[in-house]
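Asker: What follows is run18.pdb; its format and atoms are PDB, C-alpha atoms and all ligand atoms.
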ATOM      1  CA  MET B1382      38.384  20.742 -80.842
ATOM      2  CA  LEU B1383      36.349  23.281 -82.790
ATOM      3  CA  ASN B1384      32.723  23.988 -82.202
ATOM      4  CA  THR B1385      30.391  24.392 -85.151
ATOM      5  CA  ASN B1386      28.102  27.100 -83.733
ATOM      6  CA  GLN B1387      29.341  29.581 -86.321
ATOM      7  CA  SER B1388      27.922  27.379 -89.068
ATOM      8  CA  ILE B1389      24.572  29.147 -89.343
ATOM      9  CA  VAL B1390      21.768  28.421 -91.770
ATOM     10  CA  GLN B1391      21.330  31.477 -93.970
ATOM     11  CA  GLU B1392      18.401  32.142 -96.267
ATOM     12  CA  ILE B1393      19.190  33.388 -99.775
ATOM     13  CA  GLU B1394      16.318  35.602-100.888
ATOM     14  CA  ILE B1395      15.599  35.325-104.609
ATOM     15  CA  SER B1396      12.218  36.696-105.677
ATOM     16  CA  SER B1397      11.827  34.470-108.750
ATOM     17  CA  LEU B1398      12.211  31.430-106.489
ATOM     18  CA  LYS B1399       9.929  32.842-103.772
ATOM     19  CA  ASN B1400       7.236  33.322-106.461
ATOM     20  CA  ARG B1401       7.427  29.577-107.114
ATOM     21  CA  GLY B1402       7.199  28.744-103.418
ATOM     22  CA  ILE B1403      10.891  27.802-103.199
ATOM     23  CA  SER B1404      12.975  28.664-100.127
ATOM     24  CA  LEU B1405      16.732  28.433-100.499
ATOM     25  CA  PHE B1406      19.023  28.087 -97.482
ATOM     26  CA  VAL B1407      22.782  27.681 -97.134
ATOM     27  CA  LYS B1408      24.440  25.771 -94.290
ATOM     28  CA  ARG B1409      27.496  27.943 -93.731
ATOM     29  CA  ASP B1410      30.126  25.358 -92.794
ATOM     30  CA  ASP B1411      32.605  27.711 -94.485
ATOM     31  CA  LEU B1412      32.322  29.831 -91.324
ATOM     32  CA  ILE B1413      33.564  27.086 -88.965
ATOM     33  CA  HIS B1414      37.215  28.162 -89.160
ATOM     34  CA  GLU B1415      39.547  30.032 -91.504
ATOM     35  CA  THR B1416      41.579  27.003 -92.629
ATOM     36  CA  ILE B1417      39.754  24.039 -91.058
ATOM     37  CA  SER B1418      36.709  25.236 -92.928
ATOM     38  CA  GLY B1419      33.689  23.636 -94.576
ATOM     39  CA  ASN B1420      33.650  19.866 -94.675
ATOM     40  CA  LYS B1421      37.278  19.728 -93.500
ATOM     41  CA  TRP B1422      36.521  19.890 -89.801
ATOM     42  CA  ARG B1423      33.615  17.475 -90.246
ATOM     43  CA  LYS B1424      35.997  14.938 -91.807
ATOM     44  CA  LEU B1425      38.850  15.489 -89.368
ATOM     45  CA  LYS B1426      36.918  15.614 -86.101
ATOM     46  CA  TYR B1427      36.621  11.872 -85.446
ATOM     47  CA  ASN B1428      39.971  11.100 -87.093
ATOM     48  CA  ILE B1429      41.648  13.380 -84.545
ATOM     49  CA  GLU B1430      39.541  12.076 -81.680
ATOM     50  CA  SER B1431      40.405   8.511 -82.620
ATOM     51  CA  CYS B1432      44.105   9.396 -82.971
ATOM     52  CA  VAL B1433      44.110  10.783 -79.420
ATOM     53  CA  VAL B1434      42.077   7.923 -77.918
ATOM     54  CA  LYS B1435      44.282   5.296 -79.578
ATOM     55  CA  LYS B1436      47.362   7.181 -78.359
ATOM     56  CA  LYS B1437      48.774   7.391 -81.891
ATOM     57  CA  LYS B1438      51.777   9.643 -82.484
ATOM     58  CA  GLY B1439      49.896  11.774 -84.965
ATOM     59  CA  ILE B1440      48.123  11.850 -88.310
ATOM     60  CA  LEU B1441      49.717  11.019 -91.644
ATOM     61  CA  THR B1442      47.754  12.030 -94.694
ATOM     62  CA  PHE B1443      48.033  12.812 -98.422
ATOM     63  CA  GLY B1444      47.350  15.708-100.762
ATOM     64  CA  GLY B1445      48.252  17.742-103.812
ATOM     65  CA  ALA B1446      50.200  20.999-103.769
ATOM     66  CA  TYR B1447      47.078  23.147-103.150
ATOM     67  CA  SER B1448      45.132  20.642-101.058
ATOM     68  CA  ASN B1449      42.437  22.106 -98.774
ATOM     69  CA  HIS B1450      42.602  18.859 -96.807
ATOM     70  CA  LEU B1451      46.354  19.059 -96.217
ATOM     71  CA  ILE B1452      46.293  22.557 -94.746
ATOM     72  CA  ALA B1453      43.187  21.764 -92.688
ATOM     73  CA  THR B1454      44.911  18.661 -91.270
ATOM     74  CA  ALA B1455      48.046  20.678 -90.468
ATOM     75  CA  SER B1456      45.964  23.287 -88.700
ATOM     76  CA  ALA B1457      43.701  20.842 -86.800
ATOM     77  CA  CYS B1458      46.670  18.751 -85.615
ATOM     78  CA  HIS B1459      48.536  21.894 -84.557
ATOM     79  CA  LYS B1460      45.514  23.029 -82.542
ATOM     80  CA  SER B1461      45.153  19.567 -80.966
ATOM     81  CA  GLY B1462      48.859  19.296 -80.139
ATOM     82  CA  ILE B1463      49.456  16.226 -82.286
ATOM     83  CA  LYS B1464      52.050  15.657 -84.966
ATOM     84  CA  ALA B1465      51.088  15.816 -88.666
ATOM     85  CA  ILE B1466      52.830  14.345 -91.679
ATOM     86  CA  GLY B1467      51.724  15.266 -95.196
ATOM     87  CA  ILE B1468      52.695  13.109 -98.170
ATOM     88  CA  VAL B1469      52.617  15.568-101.073
ATOM     89  CA  ARG B1470      52.177  14.733-104.776
ATOM     90  CA  GLY B1471      55.195  16.027-106.746
ATOM     91  CA  ASP B1472      58.862  15.533-105.883
ATOM     92  CA  GLU B1473      59.739  18.749-107.745
ATOM     93  CA  LEU B1474      58.018  20.719-104.952
ATOM     94  CA  ASN B1475      59.297  21.936-101.594
ATOM     95  CA  ALA B1476      57.872  23.640 -98.510
ATOM     96  CA  GLU B1477      58.336  27.041-100.167
ATOM     97  CA  SER B1478      56.597  26.188-103.457
ATOM     98  CA  ASN B1479      53.294  27.902-102.693
ATOM     99  CA  GLU B1480      51.236  29.509 -99.927
ATOM    100  CA  THR B1481      49.422  26.262 -99.014
ATOM    101  CA  LEU B1482      52.656  24.316 -98.525
ATOM    102  CA  LYS B1483      54.289  27.237 -96.709
ATOM    103  CA  ALA B1484      51.321  27.413 -94.339
ATOM    104  CA  CYS B1485      51.390  23.626 -93.733
ATOM    105  CA  SER B1486      55.054  23.849 -92.898
ATOM    106  CA  MET B1487      54.533  26.866 -90.601
ATOM    107  CA  LEU B1488      51.965  24.755 -88.751
ATOM    108  CA  ASP B1489      54.686  22.152 -88.168
ATOM    109  CA  MET B1490      53.390  19.602 -90.642
ATOM    110  CA  GLU B1491      56.290  17.424 -91.828
ATOM    111  CA  LEU B1492      56.066  17.467 -95.620
ATOM    112  CA  VAL B1493      57.280  14.460 -97.587
ATOM    113  CA  PHE B1494      57.396  15.034-101.360
ATOM    114  CA  VAL B1495      56.916  11.958-103.534
ATOM    115  CA  SER B1496      56.906  11.476-107.308
ATOM    116  CA  ARG B1497      53.538  11.442-109.083
ATOM    117  CA  LYS B1498      54.161   7.773-109.895
ATOM    118  CA  ASP B1499      54.665   6.844-106.234
ATOM    119  CA  TYR B1500      51.742   9.040-105.169
ATOM    120  CA  LYS B1501      49.415   6.956-107.361
ATOM    121  CA  LEU B1502      50.298   3.959-105.189
ATOM    122  CA  ARG B1503      48.947   5.634-102.036
ATOM    123  CA  ILE B1504      45.826   3.458-101.999
ATOM    124  CA  GLU B1505      47.718   0.188-102.564
ATOM    125  CA  LYS B1506      47.895  -2.047 -99.511
ATOM    126  CA  ALA B1507      51.647  -2.658 -99.902
ATOM    127  CA  PHE B1508      52.358   1.084-100.072
ATOM    128  CA  VAL B1509      50.268   1.797 -96.970
ATOM    129  CA  GLU B1510      52.076  -1.026 -95.160
ATOM    130  CA  SER B1511      55.473   0.384 -96.120
ATOM    131  CA  ILE B1512      54.396   3.822 -94.854
ATOM    132  CA  SER B1513      53.230   2.271 -91.561
ATOM    133  CA  ILE B1514      56.672   0.736 -91.135
ATOM    134  CA  LYS B1515      58.441   3.992 -91.978
ATOM    135  CA  TYR B1516      56.185   6.077 -89.703
ATOM    136  CA  PRO B1517      55.153   3.665 -86.939
ATOM    137  CA  ASN B1518      52.094   4.342 -84.804
ATOM    138  CA  PHE B1519      50.772   7.150 -87.008
ATOM    139  CA  MET B1520      47.103   7.149 -87.904
ATOM    140  CA  ILE B1521      46.919   6.996 -91.707
ATOM    141  CA  VAL B1522      44.079   9.106 -93.089
ATOM    142  CA  PRO B1523      43.340   8.799 -96.828
ATOM    143  CA  GLU B1524      43.457  11.807 -99.171
ATOM    144  CA  GLY B1525      40.502  14.140 -98.585
ATOM    145  CA  GLY B1526      39.726  12.520 -95.206
ATOM    146  CA  ALA B1527      37.860   9.780 -97.052
ATOM    147  CA  ASN B1528      37.289   7.150 -94.396
ATOM    148  CA  TYR B1529      34.659   5.977 -91.929
ATOM    149  CA  TYR B1530      35.543   8.671 -89.379
ATOM    150  CA  GLY B1531      35.273  11.358 -92.056
ATOM    151  CA  MET B1532      31.880  10.086 -93.086
ATOM    152  CA  ILE B1533      30.355   9.978 -89.611
ATOM    153  CA  GLY B1534      31.631  13.511 -88.970
ATOM    154  CA  CYS B1535      29.701  14.652 -92.049
ATOM    155  CA  GLN B1536      26.585  12.815 -90.895
ATOM    156  CA  GLU B1537      26.330  15.418 -88.109
ATOM    157  CA  ILE B1538      25.803  18.356 -90.507
ATOM    158  CA  LEU B1539      22.052  17.884 -90.992
ATOM    159  CA  LYS B1540      21.436  17.358 -87.271
ATOM    160  CA  GLU B1541      22.331  21.031 -86.762
ATOM    161  CA  VAL B1542      19.704  22.266 -89.239
ATOM    162  CA  GLU B1543      16.333  23.270 -87.796
ATOM    163  CA  VAL B1544      14.489  23.861 -91.082
ATOM    164  CA  LYS B1545      13.911  20.430 -92.561
ATOM    165  CA  PRO B1546      14.642  20.825 -96.278
ATOM    166  CA  ASP B1547      13.114  18.661 -99.013
ATOM    167  CA  HIS B1548      16.307  18.827-101.083
ATOM    168  CA  ILE B1549      19.962  19.039-100.118
ATOM    169  CA  PHE B1550      22.659  20.011-102.635
ATOM    170  CA  VAL B1551      26.373  19.339-102.127
ATOM    171  CA  ALA B1552      29.602  19.283-104.132
ATOM    172  CA  GLN B1553      31.371  15.944-104.439
ATOM    173  CA  GLY B1554      35.031  14.942-104.567
ATOM    174  CA  THR B1555      35.930  11.835-102.603
ATOM    175  CA  THR B1556      32.191  11.329-101.710
ATOM    176  CA  THR B1557      32.883  11.362 -97.959
ATOM    177  CA  THR B1558      30.640  14.379 -97.326
ATOM    178  CA  SER B1559      27.793  13.091 -99.485
ATOM    179  CA  CYS B1560      28.040   9.599 -97.936
ATOM    180  CA  GLY B1561      27.723  11.128 -94.459
ATOM    181  CA  LEU B1562      24.883  13.431 -95.517
ATOM    182  CA  ALA B1563      22.957  10.538 -97.087
ATOM    183  CA  MET B1564      23.162   8.726 -93.733
ATOM    184  CA  GLY B1565      21.640  11.771 -92.043
ATOM    185  CA  LEU B1566      18.596  12.113 -94.352
ATOM    186  CA  ILE B1567      15.141  11.829 -92.844
ATOM    187  CA  ASP B1568      11.700  11.156 -94.342
ATOM    188  CA  ASN B1569      11.626  11.827 -98.082
ATOM    189  CA  GLN B1570      14.616  14.126 -98.266
ATOM    190  CA  ILE B1571      16.667  13.870-101.456
ATOM    191  CA  LEU B1572      20.408  14.437-101.644
ATOM    192  CA  HIS B1573      21.581  16.076-104.898
ATOM    193  CA  VAL B1574      25.288  15.595-105.565
ATOM    194  CA  VAL B1575      27.432  17.540-108.010
ATOM    195  CA  PRO B1576      30.802  15.872-108.733
ATOM    196  CA  ALA B1577      33.674  18.267-109.435
ATOM    197  CA  LEU B1578      35.429  15.594-111.496
ATOM    198  CA  LYS B1579      34.801  14.540-115.078
ATOM    199  CA  GLY B1580      33.700  10.947-115.736
ATOM    200  CA  PHE B1581      33.227  10.316-112.021
ATOM    201  CA  ASN B1582      30.905   7.450-111.118
ATOM    202  CA  SER B1583      29.323   9.005-108.025
ATOM    203  CA  LEU B1584      27.145   6.112-106.957
ATOM    204  CA  SER B1585      29.792   3.441-107.346
ATOM    205  CA  GLU B1586      32.357   5.625-105.503
ATOM    206  CA  MET B1587      29.849   6.146-102.689
ATOM    207  CA  GLU B1588      29.136   2.426-102.577
ATOM    208  CA  SER B1589      32.819   1.669-102.307
ATOM    209  CA  LEU B1590      33.297   4.045 -99.325
ATOM    210  CA  TYR B1591      30.246   2.523 -97.608
ATOM    211  CA  LEU B1592      31.583  -0.994 -98.224
ATOM    212  CA  GLN B1593      35.018  -0.034 -96.868
ATOM    213  CA  SER B1594      33.188   1.174 -93.756
ATOM    214  CA  GLY B1595      31.655  -2.245 -93.261
ATOM    215  CA  MET B1596      28.084  -1.456 -94.298
ATOM    216  CA  ASP B1597      25.900  -4.094 -95.936
ATOM    217  CA  LEU B1598      24.549  -3.909 -99.480
ATOM    218  CA  ASP B1599      20.861  -3.631 -98.491
ATOM    219  CA  TRP B1600      21.491  -0.548 -96.412
ATOM    220  CA  ILE B1601      23.780   0.943 -99.068
ATOM    221  CA  GLU B1602      21.132   0.430-101.737
ATOM    222  CA  GLN B1603      18.555   2.174 -99.558
ATOM    223  CA  LEU B1604      20.839   5.163 -99.017
ATOM    224  CA  LEU B1605      21.855   5.453-102.669
ATOM    225  CA  GLY B1606      18.173   5.392-103.640
ATOM    226  CA  LYS B1607      17.875   8.861-102.074
ATOM    227  CA  VAL B1608      20.723  10.324-104.124
ATOM    228  CA  GLU B1609      20.359  12.267-107.369
ATOM    229  CA  VAL B1610      23.578  12.820-109.364
ATOM    230  CA  TYR B1611      24.330  15.732-111.724
ATOM    231  CA  PRO B1612      27.497  14.625-113.555
ATOM    232  CA  GLU B1613      27.482  17.390-116.179
ATOM    233  CA  TYR B1614      28.694  20.351-114.104
ATOM    234  CA  HIS B1615      32.435  19.564-113.911
ATOM    235  CA  PHE B1616      33.382  22.401-116.326
ATOM    236  CA  GLY B1617      36.053  20.251-117.987
ATOM    237  CA  GLY B1618      37.233  18.330-114.930
ATOM    238  CA  TYR B1619      38.784  18.691-111.508
ATOM    239  CA  GLY B1620      40.264  22.167-111.006
ATOM    240  CA  LYS B1621      39.016  23.315-114.433
ATOM    241  CA  TYR B1622      36.758  26.334-114.899
ATOM    242  CA  ASN B1623      35.653  28.770-117.583
ATOM    243  CA  LEU B1624      34.564  32.381-117.733
ATOM    244  CA  ALA B1625      30.879  31.451-117.390
ATOM    245  CA  LEU B1626      31.601  29.784-114.031
ATOM    246  CA  LEU B1627      33.810  32.637-112.805
ATOM    247  CA  ASN B1628      31.167  35.200-113.817
ATOM    248  CA  PHE B1629      28.481  33.175-112.071
ATOM    249  CA  ILE B1630      30.533  33.136-108.839
ATOM    250  CA  LYS B1631      31.242  36.876-109.127
ATOM    251  CA  GLU B1632      27.580  37.735-109.698
ATOM    252  CA  PHE B1633      26.410  35.432-106.920
ATOM    253  CA  TYR B1634      28.723  37.266-104.551
ATOM    254  CA  GLU B1635      27.539  40.681-105.780
ATOM    255  CA  ASN B1636      23.885  39.707-105.373
ATOM    256  CA  HIS B1637      23.971  37.644-102.177
ATOM    257  CA  SER B1638      27.324  38.389-100.470
ATOM    258  CA  LEU B1639      28.133  34.669-100.474
ATOM    259  CA  LYS B1640      31.589  33.562-101.605
ATOM    260  CA  LEU B1641      31.869  30.334-103.602
ATOM    261  CA  ASP B1642      34.984  28.696-105.028
ATOM    262  CA  PRO B1643      35.539  27.586-108.644
ATOM    263  CA  VAL B1644      36.673  24.032-107.744
ATOM    264  CA  TYR B1645      33.713  22.744-105.732
ATOM    265  CA  THR B1646      31.003  25.014-104.317
ATOM    266  CA  GLY B1647      30.758  27.284-107.382
ATOM    267  CA  LYS B1648      30.066  24.276-109.609
ATOM    268  CA  ALA B1649      27.517  22.882-107.156
ATOM    269  CA  MET B1650      25.646  26.196-106.804
ATOM    270  CA  PHE B1651      25.710  26.632-110.601
ATOM    271  CA  ALA B1652      24.099  23.186-110.896
ATOM    272  CA  LEU B1653      21.516  24.013-108.240
ATOM    273  CA  MET B1654      20.493  27.278-109.916
ATOM    274  CA  ASN B1655      20.143  25.530-113.260
ATOM    275  CA  GLU B1656      18.384  22.377-112.069
ATOM    276  CA  ILE B1657      15.802  24.121-109.885
ATOM    277  CA  GLN B1658      14.325  25.727-112.974
ATOM    278  CA  ASP B1659      12.456  22.423-113.209
ATOM    279  CA  VAL B1660       8.861  22.669-111.972
ATOM    280  CA  SER B1661       9.341  19.610-109.761
ATOM    281  CA  PHE B1662      11.145  21.936-107.316
ATOM    282  CA  ASN B1663       8.127  24.256-106.933
ATOM    283  CA  ASP B1664       6.871  24.622-103.353
ATOM    284  CA  SER B1665       9.878  23.071-101.704
ATOM    285  CA  SER B1666      12.749  24.038 -99.456
ATOM    286  CA  ILE B1667      16.331  23.531-100.550
ATOM    287  CA  LEU B1668      19.496  23.467 -98.473
ATOM    288  CA  PHE B1669      22.914  24.049-100.038
ATOM    289  CA  ILE B1670      25.853  22.775 -97.978
ATOM    290  CA  HIS B1671      28.717  25.278 -98.168
ATOM    291  CA  THR B1672      31.732  22.982 -97.926
ATOM    292  CA  GLY B1673      34.338  25.787 -97.818
ATOM    293  CA  GLY B1674      37.348  25.740-100.168
ATOM    294  CA  LEU B1675      37.784  29.516-100.195
ATOM    295  CA  GLN B1676      41.487  29.340 -99.365
ATOM    296  CA  GLY B1677      42.074  28.115-102.928
ATOM    297  CA  VAL B1678      40.454  31.156-104.589
ATOM    298  CA  GLY B1679      43.483  33.501-104.498
ATOM    299  CA  PRO B1680      45.680  31.485-106.902
ATOM    300  CA  ILE B1681      42.720  31.029-109.296
ATOM    301  CA  GLU B1682      42.020  34.783-109.340
ATOM    302  CA  LYS B1683      45.683  35.372-110.072
ATOM    303  CA  LYS B1684      45.844  32.794-112.868
ATOM    304  CA  SER B1685      42.573  33.762-114.551
ATOM    305  CA  GLY B1686      42.946  37.511-114.051
ATOM    306  CA  VAL B1687      39.315  37.621-112.813
ATOM    307  CA  LYS B1688      38.722  39.287-109.441
ATOM    308  CA  LEU B1689      35.866  37.292-107.909
ATOM    309  CA  PHE B1690      35.220  39.127-104.652
TER
HETATM  310  C1  LIG Z1701      35.614  22.828-100.627
HETATM  311  C2  LIG Z1701      35.273  21.416-100.886
HETATM  312  N1  LIG Z1701      34.005  21.088-101.175
HETATM  313  C3  LIG Z1701      33.630  19.823-101.432
HETATM  314  C4  LIG Z1701      34.544  18.803-101.404
HETATM  315  C5  LIG Z1701      34.090  17.423-101.710
HETATM  316  O1  LIG Z1701      33.924  16.693-100.548
HETATM  317  P1  LIG Z1701      34.150  15.121-100.538
HETATM  318  O2  LIG Z1701      35.589  14.889-100.897
HETATM  319  O3  LIG Z1701      33.867  14.742 -99.156
HETATM  320  O4  LIG Z1701      33.229  14.537-101.542
HETATM  321  C6  LIG Z1701      35.885  19.072-101.089
HETATM  322  C7  LIG Z1701      36.895  18.006-101.004
HETATM  323  O5  LIG Z1701      37.129  17.506 -99.952
HETATM  324  C8  LIG Z1701      36.267  20.419-100.831
HETATM  325  O6  LIG Z1701      37.543  20.759-100.558
END
I'd like the structure from this file rewritten - as C-alpha cells, please.
Ligand SMILES: Cc1ncc(COP(=O)(O)O)c(C=O)c1O

Answerer:
Amino acid sequence: MLNTNQSIVQEIEISSLKNRGISLFVKRDDLIHETISGNKWRKLKYNIESCVVKKKKGILTFGGAYSNHLIATASACHKSGIKAIGIVRGDELNAESNETLKACSMLDMELVFVSRKDYKLRIEKAFVESISIKYPNFMIVPEGGANYYGMIGCQEILKEVEVKPDHIFVAQGTTTTSCGLAMGLIDNQILHVVPALKGFNSLSEMESLYLQSGMDLDWIEQLLGKVEVYPEYHFGGYGKYNLALLNFIKEFYENHSLKLDPVYTGKAMFALMNEIQDVSFNDSSILFIHTGGLQGVGPIEKKSGVKLF
C-alpha cells in the first residue's frame, strides 16, 4: 500500500491573479509514485484492498496500448503481491510494442491482446461473464478504474487538503475522479470539470457511475448541482493536441516548474487559466488536482517534435 504524504498542496504564485485576490493551489497527486501516480493510486487503492479481503486471485482490467491505468495496475499489483491480467485493445500488438506494454509485462502483468471489435464489448454483461469463466476468481476492474471502489478512493483527495478552496478544477475521462471529488465537497465548494474527450456528456456519465454504485437520484442531483462543466477544451478529442496546447504546457513548466501532460492535465489547466479571467473568480481560492499522466509525455514529445520539459 502506498501512502499519499508526498502529495503536497503547492501554491502557484501568479501576480496578475494575486492582484485580483485569487490564490491558486495544486494538489500534487502526481508525486504519489512514479507509475502509480495521480488519480491512479486513488482509484486502485480500494480495488486492491477488496481483492485481498475477498481472497481473489488477482485483478483483471482493461486498457489501450498507452494506458496510464494499465501500467499503474501492473505496478500496484506487483507491489501488493497479487496477480494482474491486462486485456489490451488491439490484437496487432504484443508485449514489445511500446514502453508501456513492455513495462506492464516486466511487472508480471499477463497481457491478453484482443481485437478492437471484441474490446468494444468489454462493458457488455455477456462479455464480462465469459471473462469471469475464463479467468475464475479474478476481480474485474473496468477500464480506467471506473467503479465504486475507484470513486471512494478519489473522495479521499480533498480530505488531505488543509486550505479549503472555493473552486476545484479537475480533468475528466471516465468521471471516476470527479465523481469521488464531488462526494468530498463541503459548504459551497464548486467542482469544475474539464473532459478530455469530444462530445462527452459529463453530467450524464457521472450520473451513470453514481447509479451503478447504488446511489439514489436525489443525492445524485444534489451532487451534480455542484458541478460546472467546460466541454470546449478537448483540443479535437481524446489524445489530440495542437501547438497552442503544447506551448502552453511548455511555458507553464518554464514559469512554474510544474509538468502537465497534453492528454488530461494540460487541457484542464489551460481551461482553468482561461476561465478564471472571469470576474466571478475574484477574491477566491482555487485548487487544481494534478491527476498525473506524465508517463505518457515521452511518446507525445517524440511524435510532435516539441520538447516540453
Ligand atoms: C492523468 C489523468 N488525468 C485525469 C484522468 C481522468 O480521470 P477519470 O477517468 O477518473 O475521469 C485520467 C484517466 O484516468 C488520467 O490518466

Asker: Any residue with an atom at most 10 Å from ligand LIG 1701 (chain Z) counts, using all atoms listed in the file. Which are they? Put them as number ranges by chain.

Answerer: B: 1410-1411, 1418-1421, 1423-1424, 1448-1451, 1453, 1524-1528, 1531-1532, 1535, 1551-1562, 1574-1577, 1583, 1586-1587, 1641-1649, 1670-1677

Asker: Might you pull out every residue within 10 Å of stretch 1479-1494 of chain B, with all atoms listed in the file counted and same-chain residues fewer than 3 positions away left off, and present them as a ChimeraX atom specification?

Answerer: /B:1416,1440-1443,1445-1449,1451-1460,1463-1476,1497,1499-1500,1676-1677,1679-1680

Asker: Put those residues in a file: C-alpha atoms, as an mmCIF file, in the frame of the given file.

Answerer:
data_model
loop_
_atom_site.group_PDB
_atom_site.id
_atom_site.type_symbol
_atom_site.label_atom_id
_atom_site.label_comp_id
_atom_site.auth_asym_id
_atom_site.auth_seq_id
_atom_site.Cartn_x
_atom_site.Cartn_y
_atom_site.Cartn_z
ATOM 1 C CA THR B 1416 41.579 27.003 -92.629
ATOM 2 C CA ILE B 1440 48.123 11.850 -88.310
ATOM 3 C CA LEU B 1441 49.717 11.019 -91.644
ATOM 4 C CA THR B 1442 47.754 12.030 -94.694
ATOM 5 C CA PHE B 1443 48.033 12.812 -98.422
ATOM 6 C CA GLY B 1445 48.252 17.742 -103.812
ATOM 7 C CA ALA B 1446 50.200 20.999 -103.769
ATOM 8 C CA TYR B 1447 47.078 23.147 -103.150
ATOM 9 C CA SER B 1448 45.132 20.642 -101.058
ATOM 10 C CA ASN B 1449 42.437 22.106 -98.774
ATOM 11 C CA LEU B 1451 46.354 19.059 -96.217
ATOM 12 C CA ILE B 1452 46.293 22.557 -94.746
ATOM 13 C CA ALA B 1453 43.187 21.764 -92.688
ATOM 14 C CA THR B 1454 44.911 18.661 -91.270
ATOM 15 C CA ALA B 1455 48.046 20.678 -90.468
ATOM 16 C CA SER B 1456 45.964 23.287 -88.700
ATOM 17 C CA ALA B 1457 43.701 20.842 -86.800
ATOM 18 C CA CYS B 1458 46.670 18.751 -85.615
ATOM 19 C CA HIS B 1459 48.536 21.894 -84.557
ATOM 20 C CA LYS B 1460 45.514 23.029 -82.542
ATOM 21 C CA ILE B 1463 49.456 16.226 -82.286
ATOM 22 C CA LYS B 1464 52.050 15.657 -84.966
ATOM 23 C CA ALA B 1465 51.088 15.816 -88.666
ATOM 24 C CA ILE B 1466 52.830 14.345 -91.679
ATOM 25 C CA GLY B 1467 51.724 15.266 -95.196
ATOM 26 C CA ILE B 1468 52.695 13.109 -98.170
ATOM 27 C CA VAL B 1469 52.617 15.568 -101.073
ATOM 28 C CA ARG B 1470 52.177 14.733 -104.776
ATOM 29 C CA GLY B 1471 55.195 16.027 -106.746
ATOM 30 C CA ASP B 1472 58.862 15.533 -105.883
ATOM 31 C CA GLU B 1473 59.739 18.749 -107.745
ATOM 32 C CA LEU B 1474 58.018 20.719 -104.952
ATOM 33 C CA ASN B 1475 59.297 21.936 -101.594
ATOM 34 C CA ALA B 1476 57.872 23.640 -98.510
ATOM 35 C CA ARG B 1497 53.538 11.442 -109.083
ATOM 36 C CA ASP B 1499 54.665 6.844 -106.234
ATOM 37 C CA TYR B 1500 51.742 9.040 -105.169
ATOM 38 C CA GLN B 1676 41.487 29.340 -99.365
ATOM 39 C CA GLY B 1677 42.074 28.115 -102.928
ATOM 40 C CA GLY B 1679 43.483 33.501 -104.498
ATOM 41 C CA PRO B 1680 45.680 31.485 -106.902
#

Asker: Can you measure atom CA of B:Ser1397 to atom CA of B:Asp1568 for me? One decimal in Å is fine.

Answerer: 27.4 Å

Asker: Smallest atom-to-atom distance to B:Glu1392: which of B:Met1650, B:Ala1625, B:Leu1405, B:Val1660, using all atoms listed in the file?

Answerer: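 Nearest candidate to B:Glu1392 out of B:Met1650, B:Ala1625, B:Leu1405, B:Val1660: B:Leu1405.
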
Asker: Running the PyMOL selection byres (((chain B and resi 1438) around 6) and not hetatm) on this model by hand, what would come out? Give it as a ChimeraX atom specification.

Answerer: /B:1437,1439,1518-1519

Asker: For the residues selected in the previous step, produce a file with C-alpha atoms as an mmCIF file, in the frame of the given file.

Answerer:
data_model
loop_
_atom_site.group_PDB
_atom_site.id
_atom_site.type_symbol
_atom_site.label_atom_id
_atom_site.label_comp_id
_atom_site.auth_asym_id
_atom_site.auth_seq_id
_atom_site.Cartn_x
_atom_site.Cartn_y
_atom_site.Cartn_z
ATOM 1 C CA LYS B 1437 48.774 7.391 -81.891
ATOM 2 C CA GLY B 1439 49.896 11.774 -84.965
ATOM 3 C CA ASN B 1518 52.094 4.342 -84.804
ATOM 4 C CA PHE B 1519 50.772 7.150 -87.008
#

Asker: May I ask which of the residues B:Phe1669, B:Tyr1634, B:Phe1629, B:Phe1581 is the closest one to B:Gly1617, counting all atoms listed in the file?

Answerer: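 For B:Gly1617, the nearest of the given residues is B:Phe1581.
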
Asker: Mind pulling up the distance from atom CA of B:Tyr1529 to atom CA of B:Glu1541?

Answerer: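 Taking atom CA of B:Glu1541 as the start and atom CA of B:Tyr1529 as the end point, the length is 20.1 Å.
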
Asker: For B:Ser1594, which residue among B:Ile1533, B:Val1433, B:Val1610, B:Val1390 is the nearest when counting all atoms listed in the file?

Answerer: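 Looking only at the distances to B:Ser1594, the closest residue turns out to be B:Ile1533.
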
Asker: As an exercise, work out the distance from atom CA of B:Asp1659 to atom CA of B:Ile1389 in Å and give it to one decimal place.

Answerer: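 Going from atom CA of B:Asp1659 over to atom CA of B:Ile1389 covers 27.6 Å.
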
Asker: Given only C-alpha atoms as the basis, pick out the residue of B:Lys1435, B:Lys1640, B:Lys1408, B:Lys1515 nearest to B:Val1544.

Answerer: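 Closest to B:Val1544 of all the choices is B:Lys1408.
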
Asker: For the file shown, what are the residues hit by the PyMOL selection byres (((chain B and resi 1549) around 7) and not hetatm), laid out as a PyMOL selection string?

Answerer: chain B and resi 1546-1548+1550-1551+1571-1573+1667-1669

Asker: If we count only C-alpha atoms and set the cut-off at 12 Å, which residues sit around B:Ser1638, ignoring sequence neighbours fewer than 6 positions away in its own chain? Please answer as a ChimeraX atom specification.

Answerer: /B:1391-1394,1630-1632,1689-1690

Asker: With only C-alpha atoms as the counted atoms, please give the residues lying no more than 9 Å from B:Leu1383, apart from itself and same-chain residues fewer than 2 positions off, as a ChimeraX atom specification.

Answerer: /B:1385,1413-1414,1417,1422,1426,1457
